[in-house]
$ cat input.cif   # mmCIF, C-alpha atoms
data_target
loop_
_atom_site.label_atom_id
_atom_site.label_comp_id
_atom_site.auth_asym_id
_atom_site.auth_seq_id
_atom_site.Cartn_x
_atom_site.Cartn_y
_atom_site.Cartn_z
CA MET A 7 33.15 -7.29 12.41
CA ALA A 8 30.77 -4.69 11.02
CA ALA A 9 28.79 -7.32 9.11
CA GLY A 10 28.64 -9.53 12.18
CA THR A 11 27.42 -6.64 14.31
CA LEU A 12 24.68 -5.83 11.80
CA MET A 13 23.57 -9.46 11.75
CA LEU A 14 23.37 -9.57 15.55
CA LEU A 15 21.42 -6.30 15.62
CA PHE A 16 18.97 -7.64 13.04
CA VAL A 17 18.45 -10.85 15.02
CA ALA A 18 17.81 -8.76 18.14
CA TYR A 19 15.34 -6.62 16.20
CA GLN A 20 13.53 -9.70 14.88
CA LEU A 21 13.30 -11.48 18.23
CA TRP A 22 12.56 -8.52 20.52
CA GLY A 23 11.98 -5.32 18.55
CA THR A 24 9.19 -6.82 16.47
CA GLY A 25 7.52 -8.06 19.64
CA LEU A 26 7.22 -4.51 20.95
CA ALA A 27 5.46 -3.43 17.75
CA GLU A 28 3.11 -6.42 17.94
CA SER A 29 2.30 -5.65 21.58
CA ARG A 30 1.25 -2.11 20.70
CA SER A 31 -0.91 -3.42 17.85
CA GLN A 32 -2.56 -5.96 20.13
CA THR A 33 -3.52 -3.28 22.64
CA THR A 34 -5.28 -1.29 19.91
CA LEU A 35 -6.87 -4.36 18.31
CA LYS A 36 -8.38 -5.59 21.58
CA GLN A 37 -10.08 -2.25 22.10
CA ASP A 38 -11.26 -2.24 18.49
CA PHE A 39 -12.76 -5.71 18.90
CA LYS A 40 -14.67 -4.67 22.03
CA GLU A 41 -16.18 -1.77 20.11
CA LEU A 42 -17.10 -4.07 17.21
CA GLN A 43 -18.87 -6.44 19.60
CA VAL A 44 -21.16 -3.59 20.63
CA GLU A 45 -21.87 -2.59 17.04
CA ALA A 46 -22.20 -6.13 15.59
CA PRO A 47 -25.44 -7.21 13.86
CA LYS A 48 -27.79 -8.84 16.38
CA GLY A 49 -29.49 -11.32 14.07
CA PRO A 50 -28.57 -13.72 11.22
CA ASP A 51 -30.85 -11.86 8.80
CA GLU A 52 -28.88 -8.64 9.04
CA PHE A 53 -26.27 -7.87 6.43
CA ALA A 54 -22.65 -8.46 7.45
CA PRO A 55 -20.28 -6.44 5.25
CA PRO A 56 -16.92 -8.10 4.50
CA MET A 57 -14.31 -7.22 7.11
CA PRO A 58 -11.35 -5.25 5.69
CA THR A 59 -7.92 -6.80 6.06
CA GLY A 60 -6.20 -5.80 9.27
CA THR A 61 -9.51 -5.51 11.15
CA ALA A 62 -9.90 -7.25 14.51
CA ILE A 63 -12.36 -10.14 14.07
CA ALA A 64 -11.82 -12.53 16.99
CA ILE A 65 -9.98 -13.43 20.18
CA ILE A 66 -8.16 -16.77 20.27
CA LYS A 67 -7.11 -18.46 23.53
CA ILE A 68 -4.96 -21.58 23.77
CA PRO A 69 -4.77 -22.60 27.46
CA ARG A 70 -2.01 -25.19 26.93
CA THR A 71 0.44 -22.56 25.64
CA GLY A 72 -0.94 -19.53 27.50
CA THR A 73 -1.73 -17.79 24.22
CA GLU A 74 -4.39 -15.08 24.08
CA LYS A 75 -4.36 -12.88 20.99
CA THR A 76 -6.67 -10.76 18.92
CA VAL A 77 -7.07 -12.18 15.40
CA VAL A 78 -7.21 -9.94 12.34
CA GLN A 79 -8.71 -10.46 8.92
CA GLY A 80 -6.05 -11.30 6.35
CA VAL A 81 -2.76 -13.15 6.33
CA GLY A 82 -0.52 -10.80 4.38
CA VAL A 83 2.85 -9.61 5.66
CA ASP A 84 1.46 -6.47 7.31
CA ASP A 85 -1.51 -8.33 8.83
CA LEU A 86 0.61 -10.98 10.53
CA LYS A 87 2.92 -8.33 11.95
CA LYS A 88 0.00 -7.24 14.14
CA ALA A 89 -1.67 -10.52 15.05
CA PRO A 90 -2.58 -14.02 13.95
CA GLY A 91 -4.53 -13.69 10.70
CA HIS A 92 -7.70 -15.33 9.40
CA TYR A 93 -7.55 -16.66 5.85
CA PRO A 94 -10.28 -14.57 4.14
CA ASN A 95 -11.28 -17.39 1.78
CA THR A 96 -12.19 -19.71 4.66
CA PRO A 97 -15.24 -19.57 6.96
CA MET A 98 -15.09 -17.49 10.11
CA PRO A 99 -14.29 -19.44 13.30
CA GLY A 100 -17.47 -20.90 14.73
CA GLN A 101 -19.18 -21.15 11.35
CA PRO A 102 -19.64 -24.38 9.35
CA GLY A 103 -16.59 -25.68 7.50
CA ASN A 104 -12.84 -25.26 7.85
CA ALA A 105 -11.84 -21.93 9.45
CA ALA A 106 -8.10 -21.26 9.10
CA ILE A 107 -5.74 -18.95 10.98
CA ALA A 108 -2.01 -18.32 10.37
CA GLY A 109 0.48 -16.89 12.85
CA HIS A 110 4.13 -16.13 13.47
CA ARG A 111 6.20 -18.65 15.36
CA THR A 112 9.34 -16.72 16.28
CA THR A 113 8.82 -13.01 15.56
CA TYR A 114 6.17 -10.32 16.06
CA GLY A 115 5.05 -11.68 19.40
CA ALA A 116 5.39 -15.31 18.24
CA PRO A 117 1.74 -16.19 18.96
CA PHE A 118 2.21 -19.76 17.70
CA TYR A 119 5.68 -20.32 19.21
CA ASN A 120 4.61 -23.34 21.27
CA LEU A 121 2.02 -24.73 18.87
CA ASP A 122 3.96 -28.01 18.81
CA GLU A 123 3.06 -28.57 22.49
CA LEU A 124 -0.63 -29.06 21.75
CA GLN A 125 -2.00 -32.53 22.49
CA PRO A 126 -5.17 -34.29 21.25
CA ASN A 127 -8.30 -32.96 22.99
CA ASP A 128 -6.57 -29.75 24.13
CA PRO A 129 -9.06 -26.87 23.94
CA ILE A 130 -8.75 -23.87 21.64
CA LEU A 131 -11.23 -21.12 22.50
CA VAL A 132 -12.30 -18.54 19.95
CA THR A 133 -14.61 -15.55 20.48
CA THR A 134 -16.02 -13.84 17.40
CA LEU A 135 -18.76 -11.27 16.89
CA GLN A 136 -21.19 -14.22 16.86
CA GLY A 137 -20.21 -15.62 20.24
CA SER A 138 -17.72 -17.99 21.88
CA PHE A 139 -16.71 -21.36 20.46
CA ARG A 140 -14.69 -24.30 21.75
CA TYR A 141 -12.49 -26.44 19.55
CA GLU A 142 -10.55 -29.53 20.60
CA VAL A 143 -7.29 -30.56 18.94
CA ILE A 144 -7.42 -33.60 16.68
CA GLU A 145 -3.90 -33.77 15.32
CA THR A 146 -0.72 -31.91 14.41
CA THR A 147 0.88 -32.50 11.02
CA ILE A 148 3.89 -31.18 9.12
CA VAL A 149 3.38 -30.34 5.45
CA LYS A 150 5.15 -28.72 2.54
CA PRO A 151 4.41 -25.04 1.74
CA SER A 152 2.76 -26.20 -1.48
CA GLN A 153 0.21 -28.44 0.26
CA VAL A 154 -2.59 -25.90 0.09
CA GLU A 155 -5.26 -28.55 0.58
CA VAL A 156 -5.05 -27.96 4.33
CA LEU A 157 -7.14 -24.84 3.68
CA ASP A 158 -9.83 -26.62 1.68
CA ASN A 159 -13.34 -26.47 3.07
CA THR A 160 -14.60 -29.59 4.86
CA GLU A 161 -17.91 -31.20 5.68
CA ASP A 162 -17.08 -31.23 9.37
CA ASN A 163 -16.60 -28.03 11.40
CA ARG A 164 -12.97 -27.46 12.24
CA LEU A 165 -10.26 -24.91 12.97
CA THR A 166 -6.90 -25.08 11.19
CA LEU A 167 -3.88 -23.25 12.60
CA THR A 168 -0.80 -22.86 10.39
CA THR A 169 2.70 -21.67 11.17
CA CYS A 170 6.25 -22.26 9.98
CA HIS A 171 8.28 -25.32 10.94
CA PRO A 172 10.81 -25.80 12.36
CA ARG A 173 11.33 -22.67 14.42
CA PHE A 174 13.46 -20.02 12.70
CA SER A 175 12.82 -21.69 9.34
CA ALA A 176 10.24 -21.57 6.56
CA SER A 177 11.06 -24.91 4.93
CA GLN A 178 7.85 -26.59 6.18
CA ARG A 179 4.49 -25.75 7.74
CA MET A 180 3.03 -26.99 11.00
CA VAL A 181 -0.72 -27.53 10.82
CA VAL A 182 -2.86 -28.03 13.93
CA THR A 183 -6.38 -29.29 13.27
CA ALA A 184 -9.15 -28.99 15.86
CA LYS A 185 -12.83 -29.96 15.78
CA LEU A 186 -15.68 -27.70 16.85
CA VAL A 187 -17.49 -28.84 19.99
CA GLY A 188 -21.21 -28.14 19.73
CA GLU A 189 -23.24 -26.54 17.00
CA ALA A 190 -21.79 -24.17 14.42
CA ALA A 191 -23.15 -20.64 14.16
CA GLN A 192 -25.13 -19.66 11.11
CA ALA A 193 -23.17 -17.30 8.90
CA PRO A 194 -24.76 -13.82 8.89
CA ALA A 195 -26.55 -12.73 5.73
CA VAL A 196 -24.36 -11.04 3.17
CA ASP A 197 -25.23 -8.00 1.07
CA PRO A 198 -26.62 -9.42 -2.21
CA THR A 199 -24.85 -6.68 -4.20
CA PRO A 200 -21.31 -6.69 -2.79
CA PRO A 201 -18.47 -4.86 -4.52
CA LYS A 202 -16.54 -6.78 -7.14
CA ALA A 203 -14.43 -9.38 -5.38
CA GLU A 204 -10.70 -9.53 -5.88
CA ALA A 205 -9.15 -12.59 -7.50
CA PRO A 206 -8.62 -15.42 -4.99
CA PRO A 207 -5.07 -15.22 -3.65
CA VAL A 208 -2.54 -18.01 -3.89
CA PHE A 209 -1.91 -19.81 -0.60
CA GLU A 210 1.77 -18.97 -0.30
CA ASP A 211 1.44 -15.34 -1.39
CA GLU A 212 -1.71 -14.70 0.61
CA ALA A 213 -0.12 -16.10 3.73
CA GLY A 214 3.05 -14.17 3.04
CA LEU A 215 4.91 -17.46 3.38
CA SER A 216 7.36 -16.51 0.67
CA GLY A 217 7.87 -12.94 1.77
CA GLY A 218 7.13 -9.82 -0.25
CA THR A 219 9.09 -8.08 -2.99
CA ALA A 220 7.56 -4.60 -2.63
CA ALA A 221 9.95 -3.77 0.22
CA ARG A 222 13.08 -4.62 -1.78
CA GLY A 223 13.57 -1.08 -3.10
CA PRO A 224 13.04 0.69 0.26
CA ALA A 225 15.33 -1.84 1.95
CA VAL A 226 18.14 -1.13 -0.54
CA LEU A 227 17.67 2.65 -0.23
CA ALA A 228 17.64 2.50 3.57
CA GLY A 229 20.77 0.35 3.51
CA ILE A 230 22.52 2.85 1.24
CA ALA A 231 21.40 5.72 3.50
CA PHE A 232 22.79 3.97 6.58
CA ALA A 233 26.09 3.29 4.82
CA GLY A 234 26.21 6.92 3.66
CA VAL A 235 25.67 8.29 7.17
CA TRP A 236 28.35 5.96 8.53
CA LEU A 237 30.80 6.94 5.77
CA VAL A 238 30.25 10.68 6.32
CA ALA A 239 30.72 10.27 10.07
CA TYR A 240 33.88 8.22 9.50
CA MET A 241 35.36 10.83 7.16
CA ILE A 242 34.54 13.69 9.55
CA ARG A 243 36.04 11.75 12.41
CA ARG A 244 39.28 11.25 10.45
CA ALA A 245 39.33 14.95 9.54
CA VAL A 246 38.71 16.38 13.02
CA GLY A 247 40.29 13.62 15.04
CA HIS A 248 37.68 13.74 17.82
CA LYS A 249 35.98 10.36 17.84
CA TRP A 250 33.99 11.02 20.97
CA VAL A 251 32.31 14.06 19.35
CA VAL A 252 31.46 12.62 15.93
CA TRP A 253 29.90 9.25 16.74
CA PRO A 254 27.33 10.46 19.33
CA VAL A 255 26.09 13.04 16.79
CA ALA A 256 25.92 10.43 14.04
CA LEU A 257 24.18 7.87 16.28
CA VAL A 258 20.64 9.22 15.79
CA PRO A 259 20.58 9.28 11.94
CA MET A 260 22.39 5.93 11.89
CA ALA A 261 19.81 4.39 14.23
CA ILE A 262 16.89 5.77 12.20
CA THR A 263 18.20 4.56 8.83
CA LEU A 264 19.16 1.18 10.30
CA PHE A 265 15.67 0.75 11.80
CA VAL A 266 14.03 1.57 8.45
CA PHE A 267 16.36 -0.91 6.76
CA PHE A 268 15.46 -3.66 9.26
CA GLU A 269 11.72 -2.91 8.88
CA ASN A 270 11.81 -3.30 5.11
CA PHE A 271 14.27 -6.18 5.02
CA ALA A 272 12.03 -8.09 7.45
CA ARG A 273 9.16 -7.76 4.98
CA LEU A 274 11.19 -9.77 2.46
CA LEU A 275 11.20 -12.74 4.82
CA PRO A 276 8.42 -15.33 5.20
CA ALA A 277 5.49 -13.73 7.01
CA ASN A 278 4.92 -16.28 9.75
CA VAL A 279 8.44 -17.45 10.59
#

$ encode --input "input.cif" --output "structure tokens"
Amino acid sequence: MAAGTLMLLFVAYQLWGTGLAESRSQTTLKQDFKELQVEAPKGPDEFAPPMPTGTAIAIIKIPRTGTEKTVVQGVGVDDLKKAPGHYPNTPMPGQPGNAAIAGHRTTYGAPFYNLDELQPNDPILVTTLQGSFRYEVIETTIVKPSQVEVLDNTEDNRLTLTTCHPRFSASQRMVVTAKLVGEAAQAPAVDPTPPKAEAPPVFEDEAGLSGGTAARGPAVLAGIAFAGVWLVAYMIRRAVGHKWVVWPVALVPMAITLFVFFENFARLLPANV
């Protein structure tokens, strides 16, 4: 019964608790993006420093599904907890080539929950610091996690959206491809002496599609802490015999340790489930 209760609480946290965190992040990111629009370079000859991961870089709107989200740079676990994420090794939306964005399908606001409803010619609207761009859906395909070629650059100008498939699973990937309508924007000039670039990430790790291992230790410690608080409360309750006094007092530390456990355990799961 205890294990079943924990499982139900974790499912509730994943489906609703993570959405609250994502909503708070979106509020901050939208304001950040507005400020960046004011400060953005005004001409293609101006230097455009690389955007740090987690930074708001665009607004994506999908009328068919009612989606409107701020997009961040990066597709790691922490990035996708806040918003759909732009693959850093692909062009920015609106620029020539294949711009790619990943997003959650069932947790953290589930921005791509209804991505399967998109039909050919449906519009996808993206606003970046360079302006507003319209894409129209070409096709939806299902691929294996290892089929990284969906992120390869292309001669045509397109937008690629990726998410997990089917819902509540990470066994496959849904890929929506859309073509740019109109002319692409010229990529801003880049500083000729940028800092040393990091090694190109692997598709699955960069997208967080296989989860992360860094949270394993904190998850175990938080789980042990929760079990310890529960055990102490249980022993005190048996000693004093006043159940109604012990459990309300123990509720706060139990809730805190359980929340920390859920937060870290969730980071072990695929990033855009």

$ closest_residue --input "input.cif" --among "A:Ala27, A:Ile107, A:Leu227, A:Ser138" --to "A:Val181" --atoms "all atoms listed in the file"
A:Ile107

$ residues_around --input "input.cif" --residues "A:Gln37" --least-positions-apart "5" --cutoff "12 Å" --atoms "only C-alpha atoms" --output "number ranges by chain"
A: 30-32, 42-44, 61-65, 76

$ atom_distance --input "input.cif" --atom1 "atom CA of A:Ala261" --atom2 "atom CA of A:Leu86"
24.9 Å

$ atom_distance --input "input.cif" --atom1 "atom CA of A:Glu142" --atom2 "atom CA of A:Leu124"
10.0 Å

$ residues_around --input "input.cif" --residues "A:Pro224" --least-positions-apart "3" --cutoff "8 Å" --atoms "all atoms listed in the file" --output "NGL selection string"
:A and (221 or 227-228 or 267 or 270)
